[in-house]
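Engineer: Input file: work-v7.pdb. Contents: PDB, C-alpha atoms.
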```
MODEL        1
ATOM      1  CA  MET A   1     144.987-129.866  59.001
ATOM      2  CA  LEU A   2     142.055-132.280  58.739
ATOM      3  CA  LEU A   3     138.890-131.444  56.764
ATOM      4  CA  VAL A   4     135.773-133.405  57.780
ATOM      5  CA  THR A   5     132.447-133.639  55.963
ATOM      6  CA  GLY A   6     129.484-135.260  57.711
ATOM      7  CA  ALA A   7     130.784-134.332  61.174
ATOM      8  CA  THR A   8     127.251-134.180  62.633
ATOM      9  CA  SER A   9     126.272-137.569  61.202
ATOM     10  CA  HIS A  10     125.459-140.646  63.287
ATOM     11  CA  THR A  11     128.962-142.110  63.113
ATOM     12  CA  GLY A  12     130.584-138.689  63.005
ATOM     13  CA  LYS A  13     129.518-138.090  66.599
ATOM     14  CA  PHE A  14     131.292-141.245  67.758
ATOM     15  CA  PHE A  15     134.386-140.233  65.785
ATOM     16  CA  PHE A  16     134.597-136.843  67.484
ATOM     17  CA  LYS A  17     134.014-138.404  70.883
ATOM     18  CA  ARG A  18     136.988-140.684  70.225
ATOM     19  CA  LEU A  19     139.093-137.704  69.116
ATOM     20  CA  GLN A  20     138.397-135.997  72.420
ATOM     21  CA  ASP A  21     139.056-139.169  74.431
ATOM     22  CA  GLU A  22     142.433-139.466  72.706
ATOM     23  CA  ASN A  23     143.290-135.762  73.221
ATOM     24  CA  TYR A  24     143.682-135.257  69.474
ATOM     25  CA  SER A  25     145.800-132.133  69.018
ATOM     26  CA  ARG A  26     145.663-131.349  65.290
ATOM     27  CA  GLU A  27     143.427-128.617  63.913
ATOM     28  CA  ILE A  28     140.140-129.724  62.343
ATOM     29  CA  ARG A  29     137.881-127.909  59.904
ATOM     30  CA  CYS A  30     134.282-129.136  59.585
ATOM     31  CA  VAL A  31     132.132-128.367  56.557
ATOM     32  CA  VAL A  32     128.603-127.804  57.878
ATOM     33  CA  ARG A  33     125.273-126.662  56.479
ATOM     34  CA  LYS A  34     123.685-123.394  57.595
ATOM     35  CA  ASN A  35     121.221-125.130  59.928
ATOM     36  CA  SER A  36     123.511-127.906  61.194
ATOM     37  CA  LYS A  37     123.346-128.553  64.926
ATOM     38  CA  ILE A  38     126.937-127.962  65.973
ATOM     39  CA  GLU A  39     126.563-126.824  69.573
ATOM     40  CA  TRP A  40     127.850-130.172  70.888
ATOM     41  CA  LEU A  41     130.901-129.926  68.639
ATOM     42  CA  LYS A  42     131.710-126.476  69.993
ATOM     43  CA  LYS A  43     131.758-127.859  73.539
ATOM     44  CA  LEU A  44     134.443-130.453  72.764
ATOM     45  CA  ASN A  45     138.004-129.877  73.881
ATOM     46  CA  LEU A  46     139.278-129.968  70.304
ATOM     47  CA  LYS A  47     140.683-127.418  67.870
ATOM     48  CA  ILE A  48     137.649-127.206  65.583
ATOM     49  CA  GLU A  49     136.680-124.475  63.154
ATOM     50  CA  PHE A  50     133.557-124.466  61.017
ATOM     51  CA  PHE A  51     133.074-123.715  57.344
ATOM     52  CA  GLU A  52     129.513-123.139  56.166
ATOM     53  CA  GLY A  53     128.753-124.601  52.762
ATOM     54  CA  ASP A  54     126.756-127.064  50.700
ATOM     55  CA  LEU A  55     128.445-130.232  49.441
ATOM     56  CA  SER A  56     126.006-130.439  46.536
ATOM     57  CA  ASP A  57     127.544-127.146  45.333
ATOM     58  CA  ILE A  58     131.218-128.044  45.526
ATOM     59  CA  GLU A  59     132.368-124.543  44.548
ATOM     60  CA  SER A  60     130.715-123.178  47.694
ATOM     61  CA  ILE A  61     133.299-124.981  49.818
ATOM     62  CA  SER A  62     136.390-124.349  47.688
ATOM     63  CA  ASP A  63     137.936-122.043  50.302
ATOM     64  CA  SER A  64     137.581-124.762  52.969
ATOM     65  CA  PHE A  65     140.539-126.614  51.389
ATOM     66  CA  TYR A  66     143.033-123.914  52.322
ATOM     67  CA  GLY A  67     145.740-125.367  54.584
ATOM     68  CA  ILE A  68     144.281-128.907  54.432
ATOM     69  CA  ASP A  69     146.367-132.057  53.935
ATOM     70  CA  THR A  70     143.773-134.758  54.755
ATOM     71  CA  VAL A  71     140.064-135.076  53.909
ATOM     72  CA  LEU A  72     137.689-137.407  55.767
ATOM     73  CA  ASN A  73     134.401-137.727  53.889
ATOM     74  CA  ILE A  74     131.714-139.190  56.143
ATOM     75  CA  ALA A  75     128.913-137.438  54.243
ATOM     76  CA  GLY A  76     128.508-140.213  51.666
ATOM     77  CA  ILE A  77     129.843-141.819  48.525
ATOM     78  CA  HIS A  78     128.122-139.349  46.198
ATOM     79  CA  PHE A  79     130.348-136.524  47.453
ATOM     80  CA  SER A  80     133.647-138.395  47.206
ATOM     81  CA  LEU A  81     134.508-137.723  43.567
ATOM     82  CA  PRO A  82     133.929-133.930  43.580
ATOM     83  CA  LEU A  83     135.788-133.652  46.909
ATOM     84  CA  ILE A  84     138.747-135.562  45.472
ATOM     85  CA  GLN A  85     138.739-133.543  42.258
ATOM     86  CA  MET A  86     138.805-130.289  44.198
ATOM     87  CA  GLY A  87     141.290-131.689  46.681
ATOM     88  CA  MET A  88     143.724-132.673  43.944
ATOM     89  CA  ASN A  89     143.692-129.062  42.738
ATOM     90  CA  ASN A  90     144.668-128.031  46.273
ATOM     91  CA  ASN A  91     147.482-130.576  46.745
ATOM     92  CA  ILE A  92     145.633-132.706  49.297
ATOM     93  CA  ASN A  93     147.697-135.841  49.905
ATOM     94  CA  TRP A  94     145.160-138.163  51.542
ATOM     95  CA  PHE A  95     141.436-138.804  51.178
ATOM     96  CA  ILE A  96     139.511-141.112  53.530
ATOM     97  CA  CYS A  97     136.120-141.909  51.982
ATOM     98  CA  VAL A  98     133.250-143.718  53.687
ATOM     99  CA  HIS A  99     131.314-145.684  51.051
ATOM    100  CA  THR A 100     129.189-148.839  51.298
ATOM    101  CA  THR A 101     129.270-152.613  50.819
ATOM    102  CA  GLY A 102     126.184-152.070  48.643
ATOM    103  CA  ILE A 103     128.733-151.899  45.818
ATOM    104  CA  TYR A 104     128.903-155.719  45.896
ATOM    105  CA  SER A 105     125.212-156.277  45.209
ATOM    106  CA  LYS A 106     124.560-158.373  42.106
ATOM    107  CA  PHE A 107     121.614-156.111  41.280
ATOM    108  CA  LYS A 108     122.441-153.212  39.003
ATOM    109  CA  SER A 109     120.139-150.668  40.655
ATOM    110  CA  ALA A 110     121.866-151.213  43.989
ATOM    111  CA  SER A 111     125.483-151.212  42.857
ATOM    112  CA  TYR A 112     125.959-149.642  39.412
ATOM    113  CA  GLU A 113     126.266-146.033  40.581
ATOM    114  CA  TYR A 114     128.644-146.972  43.402
ATOM    115  CA  LYS A 115     130.878-148.916  41.026
ATOM    116  CA  LYS A 116     130.896-146.016  38.577
ATOM    117  CA  ILE A 117     131.987-143.568  41.294
ATOM    118  CA  GLU A 118     134.793-145.773  42.593
ATOM    119  CA  SER A 119     135.958-146.491  39.046
ATOM    120  CA  SER A 120     136.268-142.737  38.451
ATOM    121  CA  MET A 121     138.372-142.455  41.621
ATOM    122  CA  ALA A 122     140.770-145.218  40.583
ATOM    123  CA  LYS A 123     143.380-142.971  38.949
ATOM    124  CA  ASN A 124     144.094-141.392  42.333
ATOM    125  CA  SER A 125     143.761-144.622  44.323
ATOM    126  CA  ASP A 126     147.258-144.345  45.841
ATOM    127  CA  LEU A 127     146.047-141.261  47.776
ATOM    128  CA  ILE A 128     142.705-142.740  48.864
ATOM    129  CA  THR A 129     141.528-145.013  51.653
ATOM    130  CA  ILE A 130     138.014-146.359  51.063
ATOM    131  CA  ILE A 131     135.905-147.647  53.950
ATOM    132  CA  ARG A 132     132.879-149.774  53.077
ATOM    133  CA  PRO A 133     130.657-150.410  56.098
ATOM    134  CA  THR A 134     127.761-152.837  56.139
ATOM    135  CA  MET A 135     124.363-151.803  57.542
ATOM    136  CA  ILE A 136     124.955-149.393  60.433
ATOM    137  CA  TYR A 137     122.971-149.583  63.674
ATOM    138  CA  GLY A 138     123.174-148.309  67.228
ATOM    139  CA  GLY A 139     121.317-145.368  68.774
ATOM    140  CA  ILE A 140     118.340-143.124  68.125
ATOM    141  CA  GLU A 141     119.836-141.829  64.856
ATOM    142  CA  ASP A 142     119.988-145.376  63.500
ATOM    143  CA  LYS A 143     117.651-145.511  60.497
ATOM    144  CA  ASN A 144     117.705-149.306  60.382
ATOM    145  CA  MET A 145     117.373-151.224  63.634
ATOM    146  CA  TRP A 146     115.673-148.422  65.572
ATOM    147  CA  LYS A 147     112.652-148.618  63.244
ATOM    148  CA  LEU A 148     112.622-152.403  63.536
ATOM    149  CA  ILE A 149     112.778-152.223  67.326
ATOM    150  CA  ASN A 150     109.916-149.731  67.428
ATOM    151  CA  TYR A 151     107.779-151.838  65.087
ATOM    152  CA  LEU A 152     108.297-155.088  66.978
ATOM    153  CA  ASP A 153     107.621-153.327  70.265
ATOM    154  CA  ASN A 154     104.296-151.935  69.058
ATOM    155  CA  SER A 155     103.001-154.595  66.652
ATOM    156  CA  TYR A 156     102.323-158.268  67.200
ATOM    157  CA  VAL A 157     102.460-159.472  63.578
ATOM    158  CA  PHE A 158     105.575-158.904  61.484
ATOM    159  CA  PRO A 159     105.773-159.825  57.762
ATOM    160  CA  VAL A 160     109.033-161.372  56.547
ATOM    161  CA  PHE A 161     109.646-161.311  52.791
ATOM    162  CA  GLY A 162     111.298-164.575  51.876
ATOM    163  CA  SER A 163     112.705-167.276  54.129
ATOM    164  CA  GLY A 164     114.535-164.882  56.454
ATOM    165  CA  ARG A 165     117.621-167.110  56.293
ATOM    166  CA  ASN A 166     119.692-164.525  54.421
ATOM    167  CA  LEU A 167     122.711-163.396  56.418
ATOM    168  CA  PHE A 168     123.606-159.944  57.680
ATOM    169  CA  GLN A 169     126.642-158.560  59.461
ATOM    170  CA  PRO A 170     125.514-155.156  60.824
ATOM    171  CA  ILE A 171     128.168-152.842  62.236
ATOM    172  CA  PHE A 172     127.675-150.954  65.495
ATOM    173  CA  ALA A 173     127.929-147.184  64.868
ATOM    174  CA  GLU A 174     130.447-146.636  67.656
ATOM    175  CA  ASP A 175     132.753-149.278  66.165
ATOM    176  CA  LEU A 176     132.639-147.475  62.836
ATOM    177  CA  GLY A 177     133.321-144.079  64.422
ATOM    178  CA  ASN A 178     136.289-145.579  66.252
ATOM    179  CA  ALA A 179     137.527-147.071  62.980
ATOM    180  CA  TYR A 180     137.706-143.583  61.430
ATOM    181  CA  TYR A 181     140.103-142.579  64.193
ATOM    182  CA  ASP A 182     142.192-145.753  64.007
ATOM    183  CA  ILE A 183     142.553-145.308  60.254
ATOM    184  CA  LEU A 184     143.468-141.645  60.688
ATOM    185  CA  ILE A 185     146.431-142.463  62.939
ATOM    186  CA  ASN A 186     147.673-145.331  60.759
ATOM    187  CA  LYS A 187     148.178-143.507  57.477
ATOM    188  CA  ASN A 188     151.245-145.429  56.354
ATOM    189  CA  LYS A 189     149.441-148.764  56.739
ATOM    190  CA  VAL A 190     146.094-147.826  55.196
ATOM    191  CA  ILE A 191     146.680-145.252  52.441
ATOM    192  CA  GLY A 192     145.861-146.655  49.019
ATOM    193  CA  LYS A 193     143.806-149.514  50.506
ATOM    194  CA  ASN A 194     140.110-150.432  50.731
ATOM    195  CA  TYR A 195     138.425-151.973  53.774
ATOM    196  CA  ASN A 196     135.096-153.714  54.269
ATOM    197  CA  LEU A 197     133.980-152.960  57.823
ATOM    198  CA  SER A 198     131.327-155.313  59.166
ATOM    199  CA  GLY A 199     130.032-156.277  62.585
ATOM    200  CA  GLY A 200     131.314-159.028  64.849
ATOM    201  CA  SER A 201     128.467-161.447  64.036
ATOM    202  CA  GLU A 202     127.121-163.139  60.937
ATOM    203  CA  ILE A 203     123.429-163.439  61.722
ATOM    204  CA  SER A 204     120.326-164.403  59.761
ATOM    205  CA  TYR A 205     117.399-162.025  59.425
ATOM    206  CA  ASN A 206     115.268-164.489  61.384
ATOM    207  CA  SER A 207     117.794-164.433  64.234
ATOM    208  CA  ILE A 208     117.882-160.629  64.212
ATOM    209  CA  LEU A 209     114.114-160.556  64.659
ATOM    210  CA  LYS A 210     114.138-163.161  67.429
ATOM    211  CA  THR A 211     116.992-161.408  69.255
ATOM    212  CA  VAL A 212     115.210-158.062  69.202
ATOM    213  CA  SER A 213     111.904-159.599  70.310
ATOM    214  CA  SER A 214     113.623-161.428  73.153
ATOM    215  CA  LEU A 215     115.384-158.298  74.436
ATOM    216  CA  LEU A 216     112.061-156.443  74.270
ATOM    217  CA  SER A 217     110.346-159.332  76.120
ATOM    218  CA  ARG A 218     107.922-159.593  73.201
ATOM    219  CA  LYS A 219     106.424-162.676  71.544
ATOM    220  CA  ASN A 220     105.912-161.559  67.978
ATOM    221  CA  LEU A 221     104.301-163.588  65.217
ATOM    222  CA  TYR A 222     106.426-163.708  62.053
ATOM    223  CA  ILE A 223     104.553-164.381  58.821
ATOM    224  CA  HIS A 224     106.825-165.400  55.949
ATOM    225  CA  VAL A 225     105.723-164.134  52.537
ATOM    226  CA  PRO A 226     107.350-165.966  49.595
ATOM    227  CA  ILE A 227     109.428-163.752  47.321
ATOM    228  CA  TRP A 228     107.404-164.727  44.242
ATOM    229  CA  PHE A 229     104.184-163.705  45.995
ATOM    230  CA  SER A 230     105.766-160.425  47.124
ATOM    231  CA  LEU A 231     106.754-159.703  43.515
ATOM    232  CA  ALA A 232     103.238-160.502  42.310
ATOM    233  CA  LEU A 233     101.697-158.168  44.889
ATOM    234  CA  LEU A 234     104.112-155.434  43.883
ATOM    235  CA  PHE A 235     103.263-155.928  40.198
ATOM    236  CA  PHE A 236      99.523-155.638  40.739
ATOM    237  CA  TYR A 237      99.928-152.716  43.120
ATOM    238  CA  LYS A 238     101.901-150.778  40.517
ATOM    239  CA  LEU A 239      99.436-151.803  37.811
ATOM    240  CA  LEU A 240      96.384-150.585  39.729
ATOM    241  CA  ASN A 241      97.877-147.665  41.620
ATOM    242  CA  LYS A 242      98.676-144.578  39.580
ATOM    243  CA  LYS A 243     100.784-143.072  42.333
ATOM    244  CA  SER A 244     104.495-143.766  42.238
ATOM    245  CA  PHE A 245     105.757-146.447  44.609
ATOM    246  CA  SER A 246     109.336-146.302  45.807
ATOM    247  CA  VAL A 247     109.876-150.066  46.221
ATOM    248  CA  SER A 248     111.355-151.751  43.132
ATOM    249  CA  TYR A 249     111.417-155.410  42.073
ATOM    250  CA  GLU A 250     115.170-155.523  42.634
ATOM    251  CA  GLN A 251     114.725-154.274  46.192
ATOM    252  CA  VAL A 252     112.455-157.221  46.907
ATOM    253  CA  LEU A 253     114.871-159.646  45.242
ATOM    254  CA  ARG A 254     117.768-158.243  47.272
ATOM    255  CA  MET A 255     116.066-159.608  50.374
ATOM    256  CA  ARG A 256     117.568-162.972  49.363
ATOM    257  CA  GLU A 257     121.137-161.640  49.266
ATOM    258  CA  ASP A 258     123.644-162.436  51.986
ATOM    259  CA  LYS A 259     125.443-159.324  53.193
ATOM    260  CA  VAL A 260     128.489-160.656  55.060
ATOM    261  CA  PHE A 261     132.079-159.526  54.566
ATOM    262  CA  SER A 262     135.438-160.289  56.153
ATOM    263  CA  TYR A 263     137.172-157.522  58.104
ATOM    264  CA  SER A 264     140.402-159.455  58.783
ATOM    265  CA  ASP A 265     142.580-156.987  56.855
ATOM    266  CA  ALA A 266     141.194-154.118  58.966
ATOM    267  CA  THR A 267     142.026-156.047  62.132
ATOM    268  CA  GLU A 268     145.565-156.623  60.887
ATOM    269  CA  ASP A 269     146.204-153.043  59.726
ATOM    270  CA  PHE A 270     144.548-150.960  62.446
ATOM    271  CA  GLY A 271     143.203-153.316  65.116
ATOM    272  CA  PHE A 272     139.534-153.312  64.131
ATOM    273  CA  LYS A 273     137.528-155.428  66.624
ATOM    274  CA  PRO A 274     133.760-154.916  66.295
ATOM    275  CA  VAL A 275     131.264-156.008  68.930
ATOM    276  CA  ASN A 276     128.902-158.891  68.202
ATOM    277  CA  PHE A 277     125.299-158.160  67.317
ATOM    278  CA  GLN A 278     123.866-159.426  70.610
ATOM    279  CA  ASP A 279     125.928-156.920  72.614
ATOM    280  CA  GLY A 280     125.404-154.026  70.216
ATOM    281  CA  ILE A 281     121.646-154.369  69.847
ATOM    282  CA  LYS A 282     121.286-154.755  73.619
ATOM    283  CA  ILE A 283     122.817-151.292  74.066
ATOM    284  CA  GLU A 284     120.458-149.839  71.454
ATOM    285  CA  ILE A 285     117.362-151.432  72.984
ATOM    286  CA  GLU A 286     118.328-150.110  76.413
ATOM    287  CA  GLU A 287     118.517-146.635  74.873
ATOM    288  CA  TYR A 288     115.151-147.209  73.166
ATOM    289  CA  LYS A 289     113.510-148.225  76.448
ATOM    290  CA  LYS A 290     114.982-145.212  78.222
ATOM    291  CA  GLN A 291     113.608-142.824  75.606
ATOM    292  CA  LYS A 292     110.230-144.546  75.665
ATOM    293  CA  LYS A 293     110.056-144.139  79.434
ATOM    294  CA  GLN A 294     110.952-140.457  79.183
ATOM    295  CA  HIS A 295     108.182-139.868  76.633
ATOM    296  CA  LYS A 296     105.650-141.463  78.959
ATOM    297  CA  LEU A 297     106.699-139.086  81.751
ATOM    298  CA  VAL A 298     106.186-136.011  79.563
TER     299      VAL A 298
ENDMDL
END
```
Turn this file's structure into structure tokens for me.
Structural biologist:
Amino acid sequence: MLLVTGATSHTGKFFFKRLQDENYSREIRCVVRKNSKIEWLKKLNLKIEFFEGDLSDIESISDSFYGIDTVLNIAGIHFSLPLIQMGMNNNINWFICVHTTGIYSKFKSASYEYKKIESSMAKNSDLITIIRPTMIYGGIEDKNMWKLINYLDNSYVFPVFGSGRNLFQPIFAEDLGNAYYDILINKNKVIGKNYNLSGGSEISYNSILKTVSSLLSRKNLYIHVPIWFSLALLFFYKLLNKKSFSVSYEQVLRMREDKVFSYSDATEDFGFKPVNFQDGIKIEIEEYKKQKKQHKLV
């Protein structure tokens, strides 16, 4: 039996859609919060049961491990270690954990905690498959590109911190959801391994902006702000403003980092073939325009 955390997440929805498309026949247990929206899950032609609990209180979900042999943690890296620790006490023989390529950042604030978690998992690595996606986009629940699309569609001027030549390799949410399924059915090939899952295109931040503007039929003005000037502004803002400010110096410096990773091993082991950014963002912008039109009609 498969235990899933984060079933109602952005990529979780694509995963369950793929399960239904493939007529997945095994029983599934989903750990959900009290107020989780699960109506759409109930309508799927799958053998799903629900267990109400809170992942931040791991003891509250201890009974959900009964009869489970595989755990898929989509809820986030911070839940992986307690899930594995509890799973080991219940003889779980495979853990699939969705983490992040943020672990590779050279800045301590961005990667230290992730490295510490994965290091603590190392003793059970032969029972674990770790998935590290890059920045995820695609759809209204996208917390990255959707905001960018909305901003560029409604504002003429857009500030760019740094040169904008740093490279990204965003992954389309549907590709990631499909990857969960492909990993699930290829246990013998993937157990004990780690995979970086990135999109089909290496693209600069400048090119991302221009692509989005073009698909929106917008002519935005991009104003590049040097990193050193951005750091100076941040310093004086924090000096003069007594209120806490969530942006750190390292976050500004990370805007110079390239975030590109090879997925060749994933292609070899379970056929991972992500779409390129141009095709993926086009789908998202079409969805954005459709929602915008619907709001105007209301």
Engineer: Within 10 Å of (115.0, -159.1, 71.2) (coordinates as in the file), grab all the protein and nucleic acid residues, counting only C-alpha atoms, and write them out as a PyMOL selection string.
Structural biologist: chain A and resi 149+152-153+207-220+278+281-282+285
Engineer: Please, could you write that set of residues out with C-alpha atoms as a PDB file, keeping the file's coordinate frame?
Structural biologist:
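After the write, result-v6.pdb holds the following:
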```
ATOM      1  CA  ILE A 149     112.778-152.223  67.326  1.00  0.00           C
ATOM      2  CA  LEU A 152     108.297-155.088  66.978  1.00  0.00           C
ATOM      3  CA  ASP A 153     107.621-153.327  70.265  1.00  0.00           C
ATOM      4  CA  SER A 207     117.794-164.433  64.234  1.00  0.00           C
ATOM      5  CA  ILE A 208     117.882-160.629  64.212  1.00  0.00           C
ATOM      6  CA  LEU A 209     114.114-160.556  64.659  1.00  0.00           C
ATOM      7  CA  LYS A 210     114.138-163.161  67.429  1.00  0.00           C
ATOM      8  CA  THR A 211     116.992-161.408  69.255  1.00  0.00           C
ATOM      9  CA  VAL A 212     115.210-158.062  69.202  1.00  0.00           C
ATOM     10  CA  SER A 213     111.904-159.599  70.310  1.00  0.00           C
ATOM     11  CA  SER A 214     113.623-161.428  73.153  1.00  0.00           C
ATOM     12  CA  LEU A 215     115.384-158.298  74.436  1.00  0.00           C
ATOM     13  CA  LEU A 216     112.061-156.443  74.270  1.00  0.00           C
ATOM     14  CA  SER A 217     110.346-159.332  76.120  1.00  0.00           C
ATOM     15  CA  ARG A 218     107.922-159.593  73.201  1.00  0.00           C
ATOM     16  CA  LYS A 219     106.424-162.676  71.544  1.00  0.00           C
ATOM     17  CA  ASN A 220     105.912-161.559  67.978  1.00  0.00           C
ATOM     18  CA  GLN A 278     123.866-159.426  70.610  1.00  0.00           C
ATOM     19  CA  ILE A 281     121.646-154.369  69.847  1.00  0.00           C
ATOM     20  CA  LYS A 282     121.286-154.755  73.619  1.00  0.00           C
ATOM     21  CA  ILE A 285     117.362-151.432  72.984  1.00  0.00           C
TER      22      ILE A 285
END
```
Engineer: To test your reading of the syntax: which residues would the PyMOL selection byres ((chain A and resi 156-163) around 6) return for the file shown? Reply as a count of residues only.
Structural biologist: 11
Engineer: Please identify all polymer residues within 7 Å of A:Leu44, counting all atoms listed in the file, omitting same-chain residues fewer than 3 positions from it, and present them as a PDB file with C-alpha atoms, in the coordinates of the input.
Structural biologist:
```
ATOM      1  CA  GLN A  20     138.397-135.997  72.420  1.00  0.00           C
ATOM      2  CA  TRP A  40     127.850-130.172  70.888  1.00  0.00           C
ATOM      3  CA  LEU A  41     130.901-129.926  68.639  1.00  0.00           C
TER       4      LEU A  41
END
```
Engineer: Smallest atom-to-atom distance to A:Gly12: which of A:Ser64, A:Ser198, A:Asn73, A:Asn93, using all atoms listed in the file?
Structural biologist: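 Residue with the minimum atom-to-atom distance to A:Gly12: A:Asn73.
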Engineer: Starting from the shown file, work through the PyMOL selection byres ((chain A and resi 181) around 10) and note down what comes out as a list in words.
Structural biologist: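 Selected by the PyMOL selection byres ((chain A and resi 181) around 10) here: Phe14, Phe15, Phe16, Lys17, Arg18, Leu19, Glu22, Tyr24, Leu176, Gly177, Asn178, Ala179, Tyr180, Asp182, Ile183, Leu184, Ile185, Asn186 and Phe270 of chain A.
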Engineer: When you draw a straight line from atom CA of A:Ile96 to atom CA of A:Ile128, how long is it in Å?
Structural biologist: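 If I compute the distance from atom CA of A:Ile96 to atom CA of A:Ile128, I get 5.9 Å.
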Engineer: Can you work out which one of A:Lys187, A:Lys37, A:Lys259, A:His10 has the shortest atom-to-atom distance to A:Asp142, counting all atoms listed in the file?
Structural biologist: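 Among the listed residues, A:His10 lies closest to A:Asp142.
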Engineer: Suppose a student applies the PyMOL selection byres ((chain A and resi 98-108) around 7) to this structure; what residues should they get, written as a PyMOL selection string?
Structural biologist: chain A and resi 73-74+76-77+96-97+109-112+114-115+130-134+196+250
Engineer: Just the number, please: distance in Å from atom CA of A:Ser125 to atom CA of A:Gly271, one decimal.
Structural biologist: 22.5 Å
Engineer: Considering only C-alpha atoms, state which residue in the set A:Leu3, A:Ile68, A:Phe261, A:Tyr195 is at the smallest distance from A:Phe50.
Structural biologist: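 For A:Phe50, the nearest of the candidates is A:Leu3.
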Engineer: Choose the residue, out of A:Tyr263, A:Phe277, A:Trp146, A:Phe236, that has the smallest atom-to-atom separation from A:Glu202; count all atoms listed in the file.
Structural biologist: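 Comparing A:Tyr263, A:Phe277, A:Trp146, A:Phe236 against A:Glu202, the winner is A:Phe277.
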Engineer: Using all atoms listed in the file, which of A:Phe235, A:Tyr205, A:Met1, A:Asp54 sits nearest A:Leu148?
Structural biologist: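 Result for the nearest residue to A:Leu148: A:Tyr205.
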Engineer: Find the distance between atom CA of A:Ile283 and atom CA of A:Lys13 and write it in Å to one decimal.
Structural biologist: 16.6 Å
Engineer: Ranking A:Asn154, A:Ser36, A:Asn166, A:Gln85 by minimum distance to A:Ala122 and counting all atoms listed in the file, which one comes first?
Structural biologist: A:Gln85
Engineer: Excluding stretch 31-35 of chain A and its own-chain neighbours fewer than 4 positions away, which residues fall within 7 Å of it when counting all atoms listed in the file? Please give them as a ChimeraX atom specification.
Structural biologist: /A:4-5,50-54
Engineer: Could you please take those selected residues and save C-alpha atoms as a PDB file, in the coordinates of the input?
Structural biologist:
```
ATOM      1  CA  VAL A   4     135.773-133.405  57.780  1.00  0.00           C
ATOM      2  CA  THR A   5     132.447-133.639  55.963  1.00  0.00           C
ATOM      3  CA  PHE A  50     133.557-124.466  61.017  1.00  0.00           C
ATOM      4  CA  PHE A  51     133.074-123.715  57.344  1.00  0.00           C
ATOM      5  CA  GLU A  52     129.513-123.139  56.166  1.00  0.00           C
ATOM      6  CA  GLY A  53     128.753-124.601  52.762  1.00  0.00           C
ATOM      7  CA  ASP A  54     126.756-127.064  50.700  1.00  0.00           C
TER       8      ASP A  54
END
```
